[in-house]
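Chemist: Just so it is clear, I am handing over model-v6.cif, which has mmCIF, C-alpha atoms.
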data_run
loop_
_atom_site.label_atom_id
_atom_site.label_comp_id
_atom_site.auth_asym_id
_atom_site.auth_seq_id
_atom_site.Cartn_x
_atom_site.Cartn_y
_atom_site.Cartn_z
CA MET A 96 -12.59 7.51 20.51
CA GLU A 97 -9.85 6.84 23.00
CA GLU A 98 -9.22 3.24 24.06
CA LYS A 99 -6.92 3.23 27.10
CA ASN A 100 -3.42 3.27 25.59
CA ASN A 101 -4.17 0.50 23.11
CA ILE A 102 -2.04 1.71 20.24
CA ILE A 103 -3.34 -0.70 17.59
CA ILE A 104 -6.99 0.02 18.38
CA ASN A 105 -6.33 3.76 18.21
CA LEU A 106 -4.28 3.52 15.00
CA THR A 107 -6.84 1.38 13.19
CA PHE A 108 -9.72 3.60 14.30
CA GLN A 109 -7.95 6.73 13.04
CA PHE A 110 -7.04 4.90 9.83
CA ALA A 111 -10.68 3.90 9.29
CA LEU A 112 -11.72 7.55 9.66
CA LYS A 113 -9.16 8.54 6.99
CA ILE A 114 -10.37 5.74 4.72
CA ILE A 115 -13.95 6.99 5.05
CA GLU A 116 -12.83 10.50 4.06
CA TYR A 117 -10.85 9.19 1.08
CA CYS A 118 -13.73 6.98 -0.09
CA GLU A 119 -16.13 9.92 0.10
CA ILE A 120 -13.82 11.80 -2.30
CA LEU A 121 -13.76 8.76 -4.61
CA GLN A 122 -17.55 8.57 -4.54
CA GLU A 123 -17.84 12.26 -5.40
CA GLU A 124 -15.62 11.49 -8.41
CA LYS A 125 -17.94 8.58 -9.32
CA ARG A 126 -15.32 5.91 -8.62
CA PHE A 127 -17.81 3.73 -6.82
CA ILE A 128 -16.27 0.26 -7.27
CA ILE A 129 -12.87 1.14 -5.81
CA ALA A 130 -14.50 3.31 -3.12
CA ASN A 131 -16.75 0.46 -1.97
CA GLN A 132 -13.98 -2.16 -1.96
CA LEU A 133 -11.58 0.14 -0.13
CA LEU A 134 -14.22 1.21 2.39
CA LYS A 135 -15.04 -2.41 3.27
CA SER A 136 -11.48 -3.65 3.66
CA GLY A 137 -10.08 -0.47 5.22
CA THR A 138 -12.68 -0.26 7.97
CA SER A 139 -12.81 -3.98 8.74
CA ILE A 140 -9.17 -3.99 9.90
CA GLY A 141 -10.03 -2.16 13.10
CA ALA A 142 -13.35 -3.97 13.49
CA ASN A 143 -11.55 -7.34 13.62
CA ILE A 144 -8.95 -6.01 16.03
CA ARG A 145 -11.71 -4.63 18.24
CA GLU A 146 -13.40 -8.06 18.15
CA ALA A 147 -10.12 -9.69 19.16
CA GLN A 148 -10.22 -7.76 22.44
CA ASN A 149 -13.03 -10.09 23.52
CA ALA A 150 -11.67 -13.28 21.99
CA GLU A 151 -12.82 -16.55 23.51
CA SER A 152 -9.32 -18.02 23.47
CA LYS A 153 -5.76 -17.30 22.43
CA ALA A 154 -6.41 -19.12 19.16
CA ASP A 155 -9.48 -16.95 18.53
CA PHE A 156 -7.41 -13.82 19.30
CA ILE A 157 -4.73 -14.87 16.80
CA HIS A 158 -7.39 -15.77 14.21
CA LYS A 159 -8.99 -12.30 14.46
CA PHE A 160 -5.60 -10.64 14.05
CA LYS A 161 -4.82 -12.86 11.05
CA THR A 162 -8.13 -11.79 9.54
CA SER A 163 -7.05 -8.18 10.08
CA ALA A 164 -3.73 -8.96 8.38
CA LYS A 165 -5.64 -10.23 5.33
CA GLU A 166 -7.75 -7.08 5.27
CA ILE A 167 -4.57 -5.02 5.50
CA GLU A 168 -3.19 -6.75 2.39
CA GLU A 169 -6.44 -6.19 0.50
CA THR A 170 -6.52 -2.53 1.54
CA MET A 171 -2.91 -2.10 0.41
CA TYR A 172 -3.89 -3.56 -2.95
CA TRP A 173 -6.73 -1.06 -3.47
CA LEU A 174 -4.55 1.84 -2.28
CA GLU A 175 -1.75 0.84 -4.65
CA LEU A 176 -4.26 0.67 -7.50
CA CYS A 177 -5.30 4.22 -6.63
CA LYS A 178 -1.66 5.30 -6.42
CA TYR A 179 -0.80 4.00 -9.88
CA SER A 180 -4.06 4.87 -11.63
CA LYS A 181 -4.38 8.16 -13.45
CA ASN A 182 -6.15 11.05 -11.76
CA TYR A 183 -6.77 9.46 -8.36
CA PRO A 184 -6.32 11.48 -5.16
CA ASN A 185 -2.99 11.04 -3.38
CA VAL A 186 -2.76 7.96 -1.12
CA GLU A 187 0.81 8.29 0.22
CA GLU A 188 -0.29 9.13 3.77
CA LEU A 189 -2.73 6.19 3.81
CA LEU A 190 -0.07 3.81 2.49
CA GLU A 191 2.35 4.97 5.18
CA GLN A 192 -0.28 4.52 7.90
CA ILE A 193 -1.28 1.05 6.75
CA SER A 194 2.36 0.01 6.51
CA ASN A 195 2.84 0.96 10.19
CA ILE A 196 -0.37 -0.85 11.15
CA SER A 197 0.77 -3.94 9.25
CA ARG A 198 4.08 -4.06 11.12
CA ILE A 199 2.32 -3.82 14.49
CA VAL A 200 -0.34 -6.41 13.61
CA ASN A 201 2.26 -8.88 12.39
CA LYS A 202 4.35 -8.35 15.52
CA ILE A 203 1.27 -8.99 17.70
CA ILE A 204 0.56 -12.21 15.77
CA ILE A 205 4.16 -13.44 16.14
CA THR A 206 4.32 -12.53 19.84
CA SER A 207 0.93 -14.15 20.54
CA LYS A 208 2.03 -17.39 18.87
CA GLN A 209 5.22 -17.46 20.96
CA ASN A 210 3.54 -16.92 24.32
#
Using structure tokens, write down the structure from this file.
Modeler:
Amino acid sequence: MEEKNNIIINLTFQFALKIIEYCEILQEEKRFIIANQLLKSGTSIGANIREAQNAESKADFIHKFKTSAKEIEETMYWLELCKYSKNYPNVEELLEQISNISRIVNKIIITSKQN
């Protein structure tokens, strides 16, 4: 998957792939509830950003990015639960990636509102 130099689309797609891998590990360990919640929120970030590329208006574009920002917060919550729970696989790389994605998404929202 290579969207022409669209950094946020590429980052969120790669992040979703990592989330899928992590959730597969959780499912193997029979941690189904967290795996399902994390899989939904972690993959919907990029889906909403992809949808925003065909937004009907500037307001629709901003709305889709705000939806992604909400999904980012939810994903961070599930990842932090994994981080601080006993015997869960390491999530440091995922937390670092989502933190970078969050900064970019919030910057896009701010910039879009200003223009």
Chemist: Closest to A:Phe110 among A:Glu166, A:Arg126, A:Ser180, A:Gln192, using only C-alpha atoms?
Modeler: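 Nearest candidate to A:Phe110 out of A:Glu166, A:Arg126, A:Ser180, A:Gln192: A:Gln192.
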Chemist: Quick one: distance from atom CA of A:Ala111 to atom CA of A:Thr138 in Å, one decimal?
Modeler: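 That distance, rounded to one decimal, is 4.8 Å.
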Chemist: Given the PyMOL selection byres ((chain A and resi 190) around 12) and the file above, list the residues it selects as number ranges by chain.
Modeler: A: 110, 113-114, 137, 167-168, 170-178, 185-189, 191-197
Chemist: For C-alpha atoms, I'd like the residues from the last selection saved as an mmCIF file, in the coordinates of the input.
Modeler:
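To be explicit, this is the file written out as part.cif:
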data_model
loop_
_atom_site.group_PDB
_atom_site.id
_atom_site.type_symbol
_atom_site.label_atom_id
_atom_site.label_comp_id
_atom_site.auth_asym_id
_atom_site.auth_seq_id
_atom_site.Cartn_x
_atom_site.Cartn_y
_atom_site.Cartn_z
ATOM 1 C CA PHE A 110 -7.040 4.900 9.830
ATOM 2 C CA LYS A 113 -9.160 8.540 6.990
ATOM 3 C CA ILE A 114 -10.370 5.740 4.720
ATOM 4 C CA GLY A 137 -10.080 -0.470 5.220
ATOM 5 C CA ILE A 167 -4.570 -5.020 5.500
ATOM 6 C CA GLU A 168 -3.190 -6.750 2.390
ATOM 7 C CA THR A 170 -6.520 -2.530 1.540
ATOM 8 C CA MET A 171 -2.910 -2.100 0.410
ATOM 9 C CA TYR A 172 -3.890 -3.560 -2.950
ATOM 10 C CA TRP A 173 -6.730 -1.060 -3.470
ATOM 11 C CA LEU A 174 -4.550 1.840 -2.280
ATOM 12 C CA GLU A 175 -1.750 0.840 -4.650
ATOM 13 C CA LEU A 176 -4.260 0.670 -7.500
ATOM 14 C CA CYS A 177 -5.300 4.220 -6.630
ATOM 15 C CA LYS A 178 -1.660 5.300 -6.420
ATOM 16 C CA ASN A 185 -2.990 11.040 -3.380
ATOM 17 C CA VAL A 186 -2.760 7.960 -1.120
ATOM 18 C CA GLU A 187 0.810 8.290 0.220
ATOM 19 C CA GLU A 188 -0.290 9.130 3.770
ATOM 20 C CA LEU A 189 -2.730 6.190 3.810
ATOM 21 C CA GLU A 191 2.350 4.970 5.180
ATOM 22 C CA GLN A 192 -0.280 4.520 7.900
ATOM 23 C CA ILE A 193 -1.280 1.050 6.750
ATOM 24 C CA SER A 194 2.360 0.010 6.510
ATOM 25 C CA ASN A 195 2.840 0.960 10.190
ATOM 26 C CA ILE A 196 -0.370 -0.850 11.150
ATOM 27 C CA SER A 197 0.770 -3.940 9.250
#
Chemist: What is the distance, in Å and to one decimal place, between atom CA of A:Ser152 and atom CA of A:Ile102?
Modeler: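 Value for the atom CA of A:Ser152-atom CA of A:Ile102 distance: 21.3 Å.
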Chemist: Give the answer as one residue: which of A:Ile157, A:Ala150, A:Ile104, A:Ile115 has the shortest atom-to-atom distance to A:Ser207, using only C-alpha atoms?
Modeler: A:Ile157
Chemist: Could you give me, as a list of chain:residue names, the residues within 9 Å of stretch 127-130 of chain A, counting all atoms listed in the file and dropping anything in the same chain fewer than 2 positions from it?
Modeler: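 After dropping sequence-adjacent residues, the list is A:Ile115, A:Tyr117, A:Cys118, A:Glu119, A:Ile120, A:Leu121, A:Gln122, A:Glu123, A:Glu124, A:Lys125, A:Gln132, A:Leu133, A:Leu134, A:Lys135, A:Trp173, A:Leu176, A:Cys177.
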Chemist: To one decimal place, how far is atom CA of A:Ile103 from atom CA of A:Asn131 in Å?
Modeler: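 Between atom CA of A:Ile103 and atom CA of A:Asn131 the gap works out to 23.7 Å.
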Chemist: Set the distance at 12 Å and use all atoms listed in the file: which residues neighbour A:Asp155 once local chain neighbours fewer than 3 positions away are removed? I'd like the list as a ChimeraX atom specification.
Modeler: /A:143-144,146-152,158-162,204,207-208
Chemist: Counting only C-alpha atoms, which residue out of A:Leu112, A:Ala164, A:Leu106, A:Ile140 sits closest to A:Ile205?
Modeler: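 Nearest candidate to A:Ile205 out of A:Leu112, A:Ala164, A:Leu106, A:Ile140: A:Ala164.
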Chemist: Counting all atoms listed in the file, which residue out of A:Tyr183, A:Phe108, A:Ser136, A:Lys153 sits closest to A:Thr206?
Modeler: A:Lys153
Chemist: Go through A:Ser139, A:Asn101, A:Pro184, A:Val200 one by one, measure the shortest atom-to-atom distance of each to A:Glu116 using all atoms listed in the file, and give the residue with the smallest value.
Modeler: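 Checking each of A:Ser139, A:Asn101, A:Pro184, A:Val200 against A:Glu116, counting all atoms listed in the file, the winner is A:Pro184.
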Chemist: Complete the atoms of stretch 160-192 of chain A to N, CA and C atoms and put them out as a short mmCIF file (atom, residue, chain, number, x, y, z; two decimals), in the coordinates of the input.
Modeler:
data_model
loop_
_atom_site.label_atom_id
_atom_site.label_comp_id
_atom_site.auth_asym_id
_atom_site.auth_seq_id
_atom_site.Cartn_x
_atom_site.Cartn_y
_atom_site.Cartn_z
N PHE A 160 -6.70 -11.47 14.52
CA PHE A 160 -5.60 -10.64 14.05
C PHE A 160 -5.13 -11.08 12.66
N LYS A 161 -5.17 -12.38 12.40
CA LYS A 161 -4.82 -12.86 11.05
C LYS A 161 -5.84 -12.38 10.02
N THR A 162 -7.10 -12.33 10.43
CA THR A 162 -8.13 -11.79 9.54
C THR A 162 -7.84 -10.32 9.26
N SER A 163 -7.44 -9.58 10.27
CA SER A 163 -7.05 -8.18 10.08
C SER A 163 -5.86 -8.07 9.13
N ALA A 164 -4.90 -8.98 9.26
CA ALA A 164 -3.73 -8.96 8.38
C ALA A 164 -4.15 -9.16 6.92
N LYS A 165 -5.12 -10.03 6.69
CA LYS A 165 -5.64 -10.23 5.33
C LYS A 165 -6.32 -8.97 4.81
N GLU A 166 -7.08 -8.33 5.66
CA GLU A 166 -7.75 -7.08 5.27
C GLU A 166 -6.73 -5.97 5.00
N ILE A 167 -5.65 -5.98 5.74
CA ILE A 167 -4.57 -5.02 5.50
C ILE A 167 -4.01 -5.22 4.09
N GLU A 168 -3.73 -6.46 3.73
CA GLU A 168 -3.19 -6.75 2.39
C GLU A 168 -4.17 -6.31 1.30
N GLU A 169 -5.46 -6.59 1.50
CA GLU A 169 -6.44 -6.19 0.50
C GLU A 169 -6.50 -4.66 0.40
N THR A 170 -6.47 -3.99 1.53
CA THR A 170 -6.52 -2.53 1.54
C THR A 170 -5.30 -1.95 0.84
N MET A 171 -4.13 -2.54 1.09
CA MET A 171 -2.91 -2.10 0.41
C MET A 171 -3.07 -2.24 -1.10
N TYR A 172 -3.67 -3.33 -1.52
CA TYR A 172 -3.89 -3.56 -2.95
C TYR A 172 -4.73 -2.44 -3.56
N TRP A 173 -5.86 -2.11 -2.94
CA TRP A 173 -6.73 -1.06 -3.47
C TRP A 173 -6.02 0.30 -3.43
N LEU A 174 -5.28 0.57 -2.36
CA LEU A 174 -4.55 1.84 -2.28
C LEU A 174 -3.47 1.94 -3.35
N GLU A 175 -2.78 0.83 -3.60
CA GLU A 175 -1.75 0.84 -4.65
C GLU A 175 -2.38 1.02 -6.02
N LEU A 176 -3.55 0.43 -6.24
CA LEU A 176 -4.26 0.67 -7.50
C LEU A 176 -4.57 2.16 -7.66
N CYS A 177 -5.02 2.78 -6.59
CA CYS A 177 -5.30 4.22 -6.63
C CYS A 177 -4.01 5.01 -6.91
N LYS A 178 -2.94 4.60 -6.26
CA LYS A 178 -1.66 5.30 -6.42
C LYS A 178 -1.19 5.29 -7.88
N TYR A 179 -1.34 4.15 -8.53
CA TYR A 179 -0.80 4.00 -9.88
C TYR A 179 -1.82 4.24 -10.99
N SER A 180 -3.05 4.53 -10.62
CA SER A 180 -4.06 4.87 -11.63
C SER A 180 -4.00 6.37 -11.90
N LYS A 181 -4.40 6.74 -13.09
CA LYS A 181 -4.38 8.16 -13.45
C LYS A 181 -5.50 8.90 -12.74
N ASN A 182 -5.17 10.11 -12.30
CA ASN A 182 -6.15 11.05 -11.76
C ASN A 182 -6.87 10.59 -10.50
N TYR A 183 -6.19 9.82 -9.66
CA TYR A 183 -6.77 9.46 -8.36
C TYR A 183 -6.14 10.34 -7.29
N PRO A 184 -6.89 10.67 -6.24
CA PRO A 184 -6.32 11.48 -5.16
C PRO A 184 -5.12 10.77 -4.51
N ASN A 185 -4.22 11.55 -3.98
CA ASN A 185 -2.99 11.04 -3.38
C ASN A 185 -3.27 10.10 -2.20
N VAL A 186 -2.56 8.97 -2.17
CA VAL A 186 -2.76 7.96 -1.12
C VAL A 186 -1.49 7.71 -0.29
N GLU A 187 -0.47 8.54 -0.47
CA GLU A 187 0.81 8.29 0.22
C GLU A 187 0.65 8.21 1.73
N GLU A 188 -0.10 9.13 2.31
CA GLU A 188 -0.29 9.13 3.77
C GLU A 188 -1.00 7.85 4.22
N LEU A 189 -2.01 7.42 3.47
CA LEU A 189 -2.73 6.19 3.81
C LEU A 189 -1.83 4.97 3.69
N LEU A 190 -1.00 4.93 2.65
CA LEU A 190 -0.07 3.81 2.49
C LEU A 190 0.95 3.76 3.63
N GLU A 191 1.40 4.91 4.06
CA GLU A 191 2.35 4.97 5.18
C GLU A 191 1.68 4.48 6.47
N GLN A 192 0.44 4.94 6.70
CA GLN A 192 -0.28 4.52 7.90
C GLN A 192 -0.53 3.02 7.91
#
